>>> print(open('final34.pdb').read())   # PDB, C-alpha atoms and all ligand atoms
MODEL        1
ATOM      1  CA  MET L   1       9.502  35.229  -3.849  1.00  0.00           C
ATOM      2  CA  VAL L   2      10.835  34.783  -0.338  1.00  0.00           C
ATOM      3  CA  ALA L   3       8.802  36.391   2.488  1.00  0.00           C
ATOM      4  CA  ASP L   4       9.558  37.307   6.088  1.00  0.00           C
ATOM      5  CA  THR L   5       6.570  37.809   8.394  1.00  0.00           C
ATOM      6  CA  ARG L   6       8.524  37.892  11.666  1.00  0.00           C
ATOM      7  CA  ALA L   7       8.218  41.654  12.276  1.00  0.00           C
ATOM      8  CA  ILE L   8       4.448  41.653  11.608  1.00  0.00           C
ATOM      9  CA  ASN L   9       3.883  38.615  13.816  1.00  0.00           C
ATOM     10  CA  ARG L  10       5.951  40.066  16.653  1.00  0.00           C
ATOM     11  CA  GLN L  11       3.576  43.036  16.741  1.00  0.00           C
ATOM     12  CA  HIS L  12       0.530  40.817  16.722  1.00  0.00           C
ATOM     13  CA  GLN L  13      -0.657  40.785  20.312  1.00  0.00           C
ATOM     14  CA  PRO L  14      -1.807  37.244  20.996  1.00  0.00           C
ATOM     15  CA  LEU L  15      -4.727  36.403  23.217  1.00  0.00           C
ATOM     16  CA  PRO L  16      -4.673  37.574  26.855  1.00  0.00           C
ATOM     17  CA  ASP L  17      -1.659  36.092  28.615  1.00  0.00           C
ATOM     18  CA  GLN L  18      -2.882  33.210  30.782  1.00  0.00           C
ATOM     19  CA  GLY L  19       0.565  31.638  30.769  1.00  0.00           C
ATOM     20  CA  HIS L  20      -0.324  29.570  27.712  1.00  0.00           C
ATOM     21  CA  HIS L  21      -1.962  29.795  24.287  1.00  0.00           C
ATOM     22  CA  TRP L  22      -3.669  27.240  22.096  1.00  0.00           C
ATOM     23  CA  LEU L  23      -2.004  26.839  18.701  1.00  0.00           C
ATOM     24  CA  PHE L  24      -3.827  25.091  15.858  1.00  0.00           C
ATOM     25  CA  GLY L  25      -1.588  23.186  13.429  1.00  0.00           C
ATOM     26  CA  TYR L  26      -2.840  21.830  10.103  1.00  0.00           C
ATOM     27  CA  GLY L  27       0.368  21.159   8.121  1.00  0.00           C
ATOM     28  CA  SER L  28       3.819  20.217   9.346  1.00  0.00           C
ATOM     29  CA  LEU L  29       2.819  21.416  12.808  1.00  0.00           C
ATOM     30  CA  ILE L  30       0.674  18.290  13.086  1.00  0.00           C
ATOM     31  CA  TYR L  31       3.505  15.803  12.652  1.00  0.00           C
ATOM     32  CA  LYS L  32       6.598  17.836  13.563  1.00  0.00           C
ATOM     33  CA  ALA L  33       6.009  19.340  16.985  1.00  0.00           C
ATOM     34  CA  ASP L  34       9.549  20.525  17.709  1.00  0.00           C
ATOM     35  CA  PHE L  35       8.370  23.164  20.201  1.00  0.00           C
ATOM     36  CA  PRO L  36       7.441  22.903  23.875  1.00  0.00           C
ATOM     37  CA  TYR L  37       3.804  22.236  24.702  1.00  0.00           C
ATOM     38  CA  PHE L  38       1.790  21.173  27.740  1.00  0.00           C
ATOM     39  CA  GLU L  39      -0.756  19.000  25.938  1.00  0.00           C
ATOM     40  CA  CYS L  40      -2.186  18.419  22.471  1.00  0.00           C
ATOM     41  CA  ARG L  41      -5.730  17.652  21.352  1.00  0.00           C
ATOM     42  CA  PRO L  42      -7.166  16.932  17.892  1.00  0.00           C
ATOM     43  CA  ALA L  43      -9.212  19.961  16.871  1.00  0.00           C
ATOM     44  CA  ALA L  44     -10.879  21.658  13.926  1.00  0.00           C
ATOM     45  CA  ILE L  45     -11.384  25.149  12.649  1.00  0.00           C
ATOM     46  CA  HIS L  46     -14.340  26.052  10.483  1.00  0.00           C
ATOM     47  CA  GLY L  47     -14.532  27.975   7.221  1.00  0.00           C
ATOM     48  CA  TRP L  48     -11.094  26.917   5.939  1.00  0.00           C
ATOM     49  CA  LYS L  49      -9.697  24.293   3.563  1.00  0.00           C
ATOM     50  CA  ARG L  50      -6.110  22.978   3.467  1.00  0.00           C
ATOM     51  CA  ARG L  51      -4.294  23.501   0.166  1.00  0.00           C
ATOM     52  CA  PHE L  52      -0.725  23.011  -1.051  1.00  0.00           C
ATOM     53  CA  TRP L  53      -0.666  26.520  -2.443  1.00  0.00           C
ATOM     54  CA  GLN L  54       2.155  28.100  -0.445  1.00  0.00           C
ATOM     55  CA  GLY L  55       5.731  28.194  -1.687  1.00  0.00           C
ATOM     56  CA  SER L  56       8.509  26.919   0.567  1.00  0.00           C
ATOM     57  CA  HIS L  57      11.841  28.582  -0.157  1.00  0.00           C
ATOM     58  CA  ASP L  58      13.336  27.856   3.252  1.00  0.00           C
ATOM     59  CA  HIS L  59      12.213  24.401   4.426  1.00  0.00           C
ATOM     60  CA  ARG L  60      11.100  22.135   1.590  1.00  0.00           C
ATOM     61  CA  GLY L  61      12.631  23.973  -1.328  1.00  0.00           C
ATOM     62  CA  THR L  62      15.076  26.743  -2.131  1.00  0.00           C
ATOM     63  CA  PRO L  63      14.686  30.301  -3.458  1.00  0.00           C
ATOM     64  CA  GLU L  64      15.590  28.929  -6.918  1.00  0.00           C
ATOM     65  CA  ALA L  65      13.263  25.916  -6.705  1.00  0.00           C
ATOM     66  CA  PRO L  66      10.547  26.492  -4.097  1.00  0.00           C
ATOM     67  CA  GLY L  67       8.583  23.528  -2.837  1.00  0.00           C
ATOM     68  CA  ARG L  68       4.856  23.450  -2.087  1.00  0.00           C
ATOM     69  CA  VAL L  69       3.472  23.336   1.448  1.00  0.00           C
ATOM     70  CA  ALA L  70       0.095  23.721   3.102  1.00  0.00           C
ATOM     71  CA  THR L  71      -1.813  26.875   3.842  1.00  0.00           C
ATOM     72  CA  LEU L  72      -5.481  27.524   4.575  1.00  0.00           C
ATOM     73  CA  ILE L  73      -7.904  29.061   2.094  1.00  0.00           C
ATOM     74  CA  GLU L  74     -11.248  30.497   3.166  1.00  0.00           C
ATOM     75  CA  ALA L  75     -14.053  28.063   2.386  1.00  0.00           C
ATOM     76  CA  PRO L  76     -17.435  28.699   4.005  1.00  0.00           C
ATOM     77  CA  GLY L  77     -18.972  25.530   5.435  1.00  0.00           C
ATOM     78  CA  VAL L  78     -15.742  23.522   5.274  1.00  0.00           C
ATOM     79  CA  ARG L  79     -13.994  22.209   8.375  1.00  0.00           C
ATOM     80  CA  CYS L  80     -10.252  21.715   8.618  1.00  0.00           C
ATOM     81  CA  VAL L  81      -9.047  19.085  11.098  1.00  0.00           C
ATOM     82  CA  GLY L  82      -5.635  19.348  12.716  1.00  0.00           C
ATOM     83  CA  MET L  83      -3.915  19.309  16.077  1.00  0.00           C
ATOM     84  CA  ALA L  84      -4.195  21.941  18.803  1.00  0.00           C
ATOM     85  CA  TYR L  85      -1.263  22.400  21.166  1.00  0.00           C
ATOM     86  CA  ARG L  86      -1.330  24.270  24.466  1.00  0.00           C
ATOM     87  CA  ILE L  87       1.972  26.104  24.306  1.00  0.00           C
ATOM     88  CA  PRO L  88       3.889  28.429  26.623  1.00  0.00           C
ATOM     89  CA  PRO L  89       4.106  32.034  25.275  1.00  0.00           C
ATOM     90  CA  GLU L  90       7.874  31.723  24.832  1.00  0.00           C
ATOM     91  CA  ALA L  91       7.311  29.093  22.129  1.00  0.00           C
ATOM     92  CA  LEU L  92       5.989  31.806  19.815  1.00  0.00           C
ATOM     93  CA  GLY L  93       9.408  33.311  18.915  1.00  0.00           C
ATOM     94  CA  PRO L  94      10.807  30.058  17.481  1.00  0.00           C
ATOM     95  CA  LEU L  95       7.451  29.306  15.827  1.00  0.00           C
ATOM     96  CA  ASP L  96       7.424  32.739  14.153  1.00  0.00           C
ATOM     97  CA  LEU L  97      10.905  31.937  12.837  1.00  0.00           C
ATOM     98  CA  ARG L  98       9.830  28.528  11.546  1.00  0.00           C
ATOM     99  CA  GLU L  99       6.736  29.965   9.818  1.00  0.00           C
ATOM    100  CA  LYS L 100       8.328  33.207   8.587  1.00  0.00           C
ATOM    101  CA  ASN L 101       8.028  32.522   4.860  1.00  0.00           C
ATOM    102  CA  GLY L 102       4.645  34.156   4.421  1.00  0.00           C
ATOM    103  CA  TYR L 103       2.605  32.922   7.382  1.00  0.00           C
ATOM    104  CA  LEU L 104       0.685  35.425   9.515  1.00  0.00           C
ATOM    105  CA  ARG L 105      -0.091  34.430  13.076  1.00  0.00           C
ATOM    106  CA  LEU L 106      -3.855  34.967  13.343  1.00  0.00           C
ATOM    107  CA  THR L 107      -6.456  34.252  16.006  1.00  0.00           C
ATOM    108  CA  THR L 108      -9.225  31.701  15.440  1.00  0.00           C
ATOM    109  CA  PRO L 109     -12.071  29.963  17.237  1.00  0.00           C
ATOM    110  CA  LEU L 110     -11.367  26.240  17.492  1.00  0.00           C
ATOM    111  CA  ARG L 111     -13.333  23.163  18.396  1.00  0.00           C
ATOM    112  CA  PHE L 112     -11.721  20.217  20.115  1.00  0.00           C
ATOM    113  CA  LEU L 113     -12.754  16.909  18.604  1.00  0.00           C
ATOM    114  CA  ASP L 114     -13.221  15.424  22.081  1.00  0.00           C
ATOM    115  CA  GLY L 115     -15.615  18.258  22.973  1.00  0.00           C
ATOM    116  CA  GLY L 116     -15.342  21.872  23.996  1.00  0.00           C
ATOM    117  CA  GLU L 117     -14.316  25.066  22.283  1.00  0.00           C
ATOM    118  CA  GLY L 118     -11.589  27.623  22.605  1.00  0.00           C
ATOM    119  CA  ARG L 119      -9.690  30.363  20.858  1.00  0.00           C
ATOM    120  CA  GLY L 120      -6.268  29.792  19.481  1.00  0.00           C
ATOM    121  CA  LEU L 121      -3.528  30.950  17.178  1.00  0.00           C
ATOM    122  CA  VAL L 122      -2.995  29.681  13.654  1.00  0.00           C
ATOM    123  CA  TYR L 123      -0.355  30.448  11.013  1.00  0.00           C
ATOM    124  CA  ILE L 124      -1.970  31.202   7.657  1.00  0.00           C
ATOM    125  CA  ALA L 125      -0.195  32.205   4.448  1.00  0.00           C
ATOM    126  CA  THR L 126      -2.706  34.428   2.666  1.00  0.00           C
ATOM    127  CA  ALA L 127      -2.848  34.902  -1.102  1.00  0.00           C
ATOM    128  CA  ASP L 128      -1.183  38.320  -0.938  1.00  0.00           C
ATOM    129  CA  ASN L 129       2.120  37.048   0.500  1.00  0.00           C
ATOM    130  CA  PRO L 130       5.099  37.028  -1.904  1.00  0.00           C
ATOM    131  CA  ALA L 131       5.734  33.294  -1.443  1.00  0.00           C
ATOM    132  CA  PHE L 132       2.155  32.294  -2.389  1.00  0.00           C
ATOM    133  CA  LEU L 133       2.011  30.010  -5.436  1.00  0.00           C
ATOM    134  CA  GLY L 134      -1.714  29.425  -5.733  1.00  0.00           C
ATOM    135  CA  PRO L 135      -3.549  26.546  -7.383  1.00  0.00           C
ATOM    136  CA  ALA L 136      -2.273  24.271 -10.140  1.00  0.00           C
ATOM    137  CA  PRO L 137      -3.458  20.913 -11.518  1.00  0.00           C
ATOM    138  CA  ILE L 138      -2.759  17.998  -9.136  1.00  0.00           C
ATOM    139  CA  PRO L 139      -0.219  16.273 -11.477  1.00  0.00           C
ATOM    140  CA  GLU L 140       1.699  19.549 -11.830  1.00  0.00           C
ATOM    141  CA  MET L 141       1.776  20.152  -8.068  1.00  0.00           C
ATOM    142  CA  ALA L 142       2.830  16.529  -7.496  1.00  0.00           C
ATOM    143  CA  ARG L 143       5.685  16.922  -9.990  1.00  0.00           C
ATOM    144  CA  GLN L 144       6.894  20.036  -8.193  1.00  0.00           C
ATOM    145  CA  ILE L 145       6.648  18.349  -4.777  1.00  0.00           C
ATOM    146  CA  ALA L 146       8.490  15.285  -6.087  1.00  0.00           C
ATOM    147  CA  SER L 147      11.372  17.344  -7.432  1.00  0.00           C
ATOM    148  CA  CYS L 148      11.944  19.828  -4.584  1.00  0.00           C
ATOM    149  CA  SER L 149      13.997  19.559  -1.443  1.00  0.00           C
ATOM    150  CA  GLY L 150      15.243  22.037   1.152  1.00  0.00           C
ATOM    151  CA  PRO L 151      16.985  22.348   4.521  1.00  0.00           C
ATOM    152  CA  SER L 152      14.116  20.505   6.275  1.00  0.00           C
ATOM    153  CA  GLY L 153      14.221  17.616   3.791  1.00  0.00           C
ATOM    154  CA  PRO L 154      12.412  16.458   0.659  1.00  0.00           C
ATOM    155  CA  ASN L 155       9.136  18.164  -0.143  1.00  0.00           C
ATOM    156  CA  SER L 156       7.636  14.718  -0.756  1.00  0.00           C
ATOM    157  CA  ASP L 157       8.293  13.783   2.905  1.00  0.00           C
ATOM    158  CA  TYR L 158       6.233  16.815   4.017  1.00  0.00           C
ATOM    159  CA  LEU L 159       3.301  15.574   1.939  1.00  0.00           C
ATOM    160  CA  ILE L 160       3.627  11.901   2.865  1.00  0.00           C
ATOM    161  CA  GLU L 161       3.989  12.602   6.588  1.00  0.00           C
ATOM    162  CA  LEU L 162       1.035  14.981   6.558  1.00  0.00           C
ATOM    163  CA  ALA L 163      -1.151  12.423   4.764  1.00  0.00           C
ATOM    164  CA  ARG L 164      -0.104   9.780   7.288  1.00  0.00           C
ATOM    165  CA  ALA L 165      -0.869  12.081  10.229  1.00  0.00           C
ATOM    166  CA  LEU L 166      -4.304  12.966   8.826  1.00  0.00           C
ATOM    167  CA  ARG L 167      -5.091   9.298   8.343  1.00  0.00           C
ATOM    168  CA  ALA L 168      -4.109   8.686  11.971  1.00  0.00           C
ATOM    169  CA  LEU L 169      -6.573  11.427  12.957  1.00  0.00           C
ATOM    170  CA  GLY L 170      -9.253   9.677  10.909  1.00  0.00           C
ATOM    171  CA  GLU L 171      -9.459  12.662   8.586  1.00  0.00           C
ATOM    172  CA  GLU L 172     -10.299  12.210   4.892  1.00  0.00           C
ATOM    173  CA  ASP L 173      -8.663  15.174   3.138  1.00  0.00           C
ATOM    174  CA  ARG L 174      -9.222  14.630  -0.563  1.00  0.00           C
ATOM    175  CA  HIS L 175      -6.781  17.326  -1.690  1.00  0.00           C
ATOM    176  CA  VAL L 176      -3.907  15.918   0.367  1.00  0.00           C
ATOM    177  CA  PHE L 177      -4.734  12.312  -0.494  1.00  0.00           C
ATOM    178  CA  ALA L 178      -4.970  13.101  -4.235  1.00  0.00           C
ATOM    179  CA  LEU L 179      -1.503  14.653  -4.111  1.00  0.00           C
ATOM    180  CA  GLU L 180      -0.220  11.685  -2.125  1.00  0.00           C
ATOM    181  CA  GLU L 181      -1.537   9.279  -4.745  1.00  0.00           C
ATOM    182  CA  ALA L 182      -0.116  11.401  -7.571  1.00  0.00           C
ATOM    183  CA  ILE L 183       3.335  11.395  -6.003  1.00  0.00           C
ATOM    184  CA  GLU L 184       3.493   7.603  -6.141  1.00  0.00           C
ATOM    185  CA  GLU L 185       4.136   7.967  -9.861  1.00  0.00           C
ATOM    186  CA  PHE L 186       7.511   9.455  -8.957  1.00  0.00           C
ATOM    187  CA  PHE L 187       8.231   7.404  -5.814  1.00  0.00           C
ATOM    188  CA  PRO L 188       6.457   4.039  -6.128  1.00  0.00           C
ATOM    189  CA  HIS L 189       5.513   2.474  -2.755  1.00  0.00           C
ATOM    190  CA  SER L 190       6.810   5.547  -0.865  1.00  0.00           C
ATOM    191  CA  THR L 191       3.506   6.270   0.829  1.00  0.00           C
ATOM    192  CA  GLY L 192       2.908   2.764   2.169  1.00  0.00           C
ATOM    193  CA  VAL L 193      -0.744   3.028   1.117  1.00  0.00           C
ATOM    194  CA  VAL L 194      -2.138  -0.180  -0.380  1.00  0.00           C
ATOM    195  CA  ARG L 195      -4.437   0.725  -3.259  1.00  0.00           C
ATOM    196  CA  PRO L 196      -6.968  -1.610  -4.899  1.00  0.00           C
TER     197      PRO L 196
HETATM  198  C1  LIG D 201       0.834  24.492  10.121  1.00  0.00           C
HETATM  199  O1  LIG D 201       1.324  23.368  10.080  1.00  0.00           O
HETATM  200  O2  LIG D 201      -0.109  24.753  10.914  1.00  0.00           O
HETATM  201  C2  LIG D 201       1.343  25.619   9.303  1.00  0.00           C
HETATM  202  C3  LIG D 201       1.987  25.219   8.030  1.00  0.00           C
HETATM  203  C4  LIG D 201       3.231  24.388   8.167  1.00  0.00           C
HETATM  204  O3  LIG D 201       4.113  24.742   8.956  1.00  0.00           O
HETATM  205  O4  LIG D 201       3.341  23.364   7.501  1.00  0.00           O
ENDMDL
END
>>> encode(input="final34.pdb", output="structure tokens", more="lines below")
Ligand code: SIN
Amino acid sequence: MVADTRAINRQHQPLPDQGHHWLFGYGSLIYKADFPYFECRPAAIHGWKRRFWQGSHDHRGTPEAPGRVATLIEAPGVRCVGMAYRIPPEALGPLDLREKNGYLRLTTPLRFLDGGEGRGLVYIATADNPAFLGPAPIPEMARQIASCSGPSGPNSDYLIELARALRALGEEDRHVFALEEAIEEFFPHSTGVVRP
């Protein structure tokens, strides 16, 4: 079911206004930074794992045929690598719009991979949002991703571009890479990964 978190996120008072905020991206925000930012730095947050468990009715699917996109699931001891952006506060309105289908804008500690720590914002679609799809076997999720498309393009592009971006960060994300491999059954050679 379609969600709209804009009103909740608008009320969420971000961190003290220093003229900028850090935003941690772990899904499309890693490879599609269509918002203003001052700088970006590879970073990680701890206690979360990336999973393709969130439905996309507005970007990579439709209300009739939702796609699957990334969210974060609590996982003690696990680290999730992504990209942190230092953004101006006025970027938040358009970001809230982009992430409105179930994502809450929360606050998190983050660690920069080149050293140092900070606090930042992160959009997480929790299991109680109406667009949440939850787990499914990898072949089933891959089939859904292969068949869905929405206003932002094919769902498979979301997955392939995310896998590529994680590889560029030197990050081995087994969930994402297993889905990427599974999708090659539907789109041979689409990922560009040479397998033994
Ligand atoms: C994110 O990338 O941080 C949130 C999920 C998405 O927009 O793909």
>>> closest_residue(input="final34.pdb", among="L:Pro130, L:Gly47, L:Pro36, L:Gly192", to="Ile73 of chain L", atoms="only C-alpha atoms")
L:Gly47
>>> resolve_selection(input="final34.pdb", expression="the PyMOL selection byres (((chain L and resi 131-140) around 7) and not hetatm)", output="list in words")
Met1, Val2, Ala3, Trp53, Gln54, Gly55, Asn101, Gly102, Ala127, Asn129, Pro130, Met141, Ala142, Arg143, Gln144, Leu179 and Ala182 of chain L
>>> resolve_selection(input="final34.pdb", expression="the PyMOL selection byres (((chain L and resi 31) around 8) and not hetatm)", output="number ranges by chain")
L: 27-30, 32-33, 161-162, 165
>>> write_last_selection(input="final34.pdb", atoms="C-alpha atoms", output="mmCIF file, in the coordinates of the input")
data_model
loop_
_atom_site.group_PDB
_atom_site.id
_atom_site.type_symbol
_atom_site.label_atom_id
_atom_site.label_comp_id
_atom_site.auth_asym_id
_atom_site.auth_seq_id
_atom_site.Cartn_x
_atom_site.Cartn_y
_atom_site.Cartn_z
ATOM 1 C CA GLY L 27 0.368 21.159 8.121
ATOM 2 C CA SER L 28 3.819 20.217 9.346
ATOM 3 C CA LEU L 29 2.819 21.416 12.808
ATOM 4 C CA ILE L 30 0.674 18.290 13.086
ATOM 5 C CA LYS L 32 6.598 17.836 13.563
ATOM 6 C CA ALA L 33 6.009 19.340 16.985
ATOM 7 C CA GLU L 161 3.989 12.602 6.588
ATOM 8 C CA LEU L 162 1.035 14.981 6.558
ATOM 9 C CA ALA L 165 -0.869 12.081 10.229
#
>>> residues_near_ligand(input="final34.pdb", ligand="ligand LIG 201 (chain D)", cutoff="9 Å", atoms="all atoms listed in the file", output="MDAnalysis selection string")
chainID L and resid 23:32 54 69:72 82:83 95 98:99 103 122:125 158 162
>>> write_last_selection(input="final34.pdb", atoms="C-alpha atoms", output="CSV table (one decimal), in the coordinates of the input")
chain,number,residue,atom,x,y,z
L,23,LEU,CA,-2.0,26.8,18.7
L,24,PHE,CA,-3.8,25.1,15.9
L,25,GLY,CA,-1.6,23.2,13.4
L,26,TYR,CA,-2.8,21.8,10.1
L,27,GLY,CA,0.4,21.2,8.1
L,28,SER,CA,3.8,20.2,9.3
L,29,LEU,CA,2.8,21.4,12.8
L,30,ILE,CA,0.7,18.3,13.1
L,31,TYR,CA,3.5,15.8,12.7
L,32,LYS,CA,6.6,17.8,13.6
L,54,GLN,CA,2.2,28.1,-0.4
L,69,VAL,CA,3.5,23.3,1.4
L,70,ALA,CA,0.1,23.7,3.1
L,71,THR,CA,-1.8,26.9,3.8
L,72,LEU,CA,-5.5,27.5,4.6
L,82,GLY,CA,-5.6,19.3,12.7
L,83,MET,CA,-3.9,19.3,16.1
L,95,LEU,CA,7.5,29.3,15.8
L,98,ARG,CA,9.8,28.5,11.5
L,99,GLU,CA,6.7,30.0,9.8
L,103,TYR,CA,2.6,32.9,7.4
L,122,VAL,CA,-3.0,29.7,13.7
L,123,TYR,CA,-0.4,30.4,11.0
L,124,ILE,CA,-2.0,31.2,7.7
L,125,ALA,CA,-0.2,32.2,4.4
L,158,TYR,CA,6.2,16.8,4.0
L,162,LEU,CA,1.0,15.0,6.6
>>> atom_distance(input="final34.pdb", atom1="atom CA of Thr62 of chain L", atom2="atom CA of Leu97 of chain L")
16.4 Å
>>> resolve_selection(input="final34.pdb", expression="the PyMOL selection byres (((chain L and resi 42) around 10) and not hetatm)", output="PyMOL selection string")
chain L and resi 24-25+30+40-41+43-44+81-85+111-115+169
>>> closest_residue(input="final34.pdb", among="L:Phe177, L:Phe186, L:Trp22, L:Phe52", to="Phe38 of chain L", atoms="only C-alpha atoms")
L:Trp22
>>> residues_near_point(input="final34.pdb", point="(-8.6, 27.6, 22.3)", cutoff="7 Å", atoms="only C-alpha atoms", output="list of chain:residue names")
L:Trp22, L:Pro109, L:Leu110, L:Glu117, L:Gly118, L:Arg119, L:Gly120
>>> closest_residue(input="final34.pdb", among="L:Leu104, L:Asp157, L:Ala65, L:Glu180", to="Ala7 of chain L", atoms="all atoms listed in the file")
L:Leu104
>>> axis_aligned_box(input="final34.pdb", around="segment 134-153 of chain L", padding_each_side="4 Å", output="JSON")
{"center_x": 6.7, "center_y": 22.4, "center_z": -2.8, "size_x": 28.5, "size_y": 22.1, "size_z": 26.1}
>>> atom_distance(input="final34.pdb", atom1="atom CA of Gly93 of chain L", atom2="atom CA of Arg10 of chain L")
7.9 Å
>>> closest_residue(input="final34.pdb", among="L:Cys80, L:Val176, L:Leu106, L:Val194", to="Ile8 of chain L", atoms="only C-alpha atoms")
L:Leu106
>>> residues_near_point(input="final34.pdb", point="(7.4, 27.5, -4.2)", cutoff="6 Å", atoms="all atoms listed in the file", output="PyMOL selection string")
chain L and resi 55-56+66-68
>>> atom_distance(input="final34.pdb", atom1="atom CA of Ser190 of chain L", atom2="atom CA of Ala178 of chain L")
14.4 Å
>>> closest_residue(input="final34.pdb", among="L:Leu166, L:Glu185, L:Arg105, L:Arg60", to="Leu92 of chain L", atoms="only C-alpha atoms")
L:Arg105
>>> closest_residue(input="final34.pdb", among="L:Ile45, L:Glu171, L:Pro188, L:Arg6", to="Asp96 of chain L", atoms="all atoms listed in the file")
L:Arg6
>>> build_atoms(input="final34.pdb", residues="segment 110-117 of chain L", atoms="all heavy atoms", output="short mmCIF file (atom, residue, chain, number, x, y, z; two decimals), keeping the file's coordinate frame")
data_model
loop_
_atom_site.label_atom_id
_atom_site.label_comp_id
_atom_site.auth_asym_id
_atom_site.auth_seq_id
_atom_site.Cartn_x
_atom_site.Cartn_y
_atom_site.Cartn_z
N LEU L 110 -11.63 27.65 17.83
CA LEU L 110 -11.37 26.24 17.49
C LEU L 110 -12.26 25.32 18.31
O LEU L 110 -12.70 25.68 19.39
CB LEU L 110 -9.89 25.89 17.62
CG LEU L 110 -9.08 26.22 18.85
CD1 LEU L 110 -9.12 25.07 19.83
CD2 LEU L 110 -7.64 26.47 18.42
N ARG L 111 -12.51 24.17 17.72
CA ARG L 111 -13.33 23.16 18.40
C ARG L 111 -12.50 21.91 18.60
O ARG L 111 -11.94 21.39 17.64
CB ARG L 111 -14.55 22.80 17.55
CG ARG L 111 -15.57 23.89 17.58
CD ARG L 111 -16.91 23.44 17.02
NE ARG L 111 -17.59 24.63 16.53
CZ ARG L 111 -18.47 24.67 15.57
NH1 ARG L 111 -18.82 23.56 14.98
NH2 ARG L 111 -19.03 25.80 15.20
N PHE L 112 -12.46 21.44 19.83
CA PHE L 112 -11.72 20.22 20.11
C PHE L 112 -12.59 19.03 19.70
O PHE L 112 -13.80 19.02 19.93
CB PHE L 112 -11.38 20.14 21.60
CG PHE L 112 -10.52 21.30 22.05
CD1 PHE L 112 -11.05 22.34 22.80
CD2 PHE L 112 -9.19 21.36 21.67
CE1 PHE L 112 -10.26 23.42 23.19
CE2 PHE L 112 -8.39 22.44 22.05
CZ PHE L 112 -8.92 23.47 22.81
N LEU L 113 -11.96 18.03 19.10
CA LEU L 113 -12.75 16.91 18.60
C LEU L 113 -13.32 16.06 19.75
O LEU L 113 -14.30 15.36 19.58
CB LEU L 113 -11.93 16.03 17.66
CG LEU L 113 -11.42 16.70 16.36
CD1 LEU L 113 -10.93 15.65 15.38
CD2 LEU L 113 -12.47 17.59 15.69
N ASP L 114 -12.68 16.16 20.93
CA ASP L 114 -13.22 15.42 22.08
C ASP L 114 -14.20 16.28 22.89
O ASP L 114 -14.57 15.93 24.01
CB ASP L 114 -12.08 14.89 22.97
CG ASP L 114 -11.17 16.02 23.48
OD1 ASP L 114 -11.45 17.20 23.18
OD2 ASP L 114 -10.20 15.71 24.18
N GLY L 115 -14.61 17.41 22.33
CA GLY L 115 -15.62 18.26 22.97
C GLY L 115 -15.01 19.54 23.52
O GLY L 115 -13.86 19.57 23.94
N GLY L 116 -15.80 20.59 23.47
CA GLY L 116 -15.34 21.87 24.00
C GLY L 116 -14.82 22.79 22.90
O GLY L 116 -14.52 22.35 21.79
N GLU L 117 -14.74 24.05 23.24
CA GLU L 117 -14.32 25.07 22.28
C GLU L 117 -13.27 25.96 22.91
O GLU L 117 -13.12 25.98 24.13
CB GLU L 117 -15.51 25.93 21.87
CG GLU L 117 -16.58 25.14 21.17
CD GLU L 117 -17.74 25.99 20.70
OE1 GLU L 117 -17.72 27.22 20.98
OE2 GLU L 117 -18.63 25.44 20.08
#
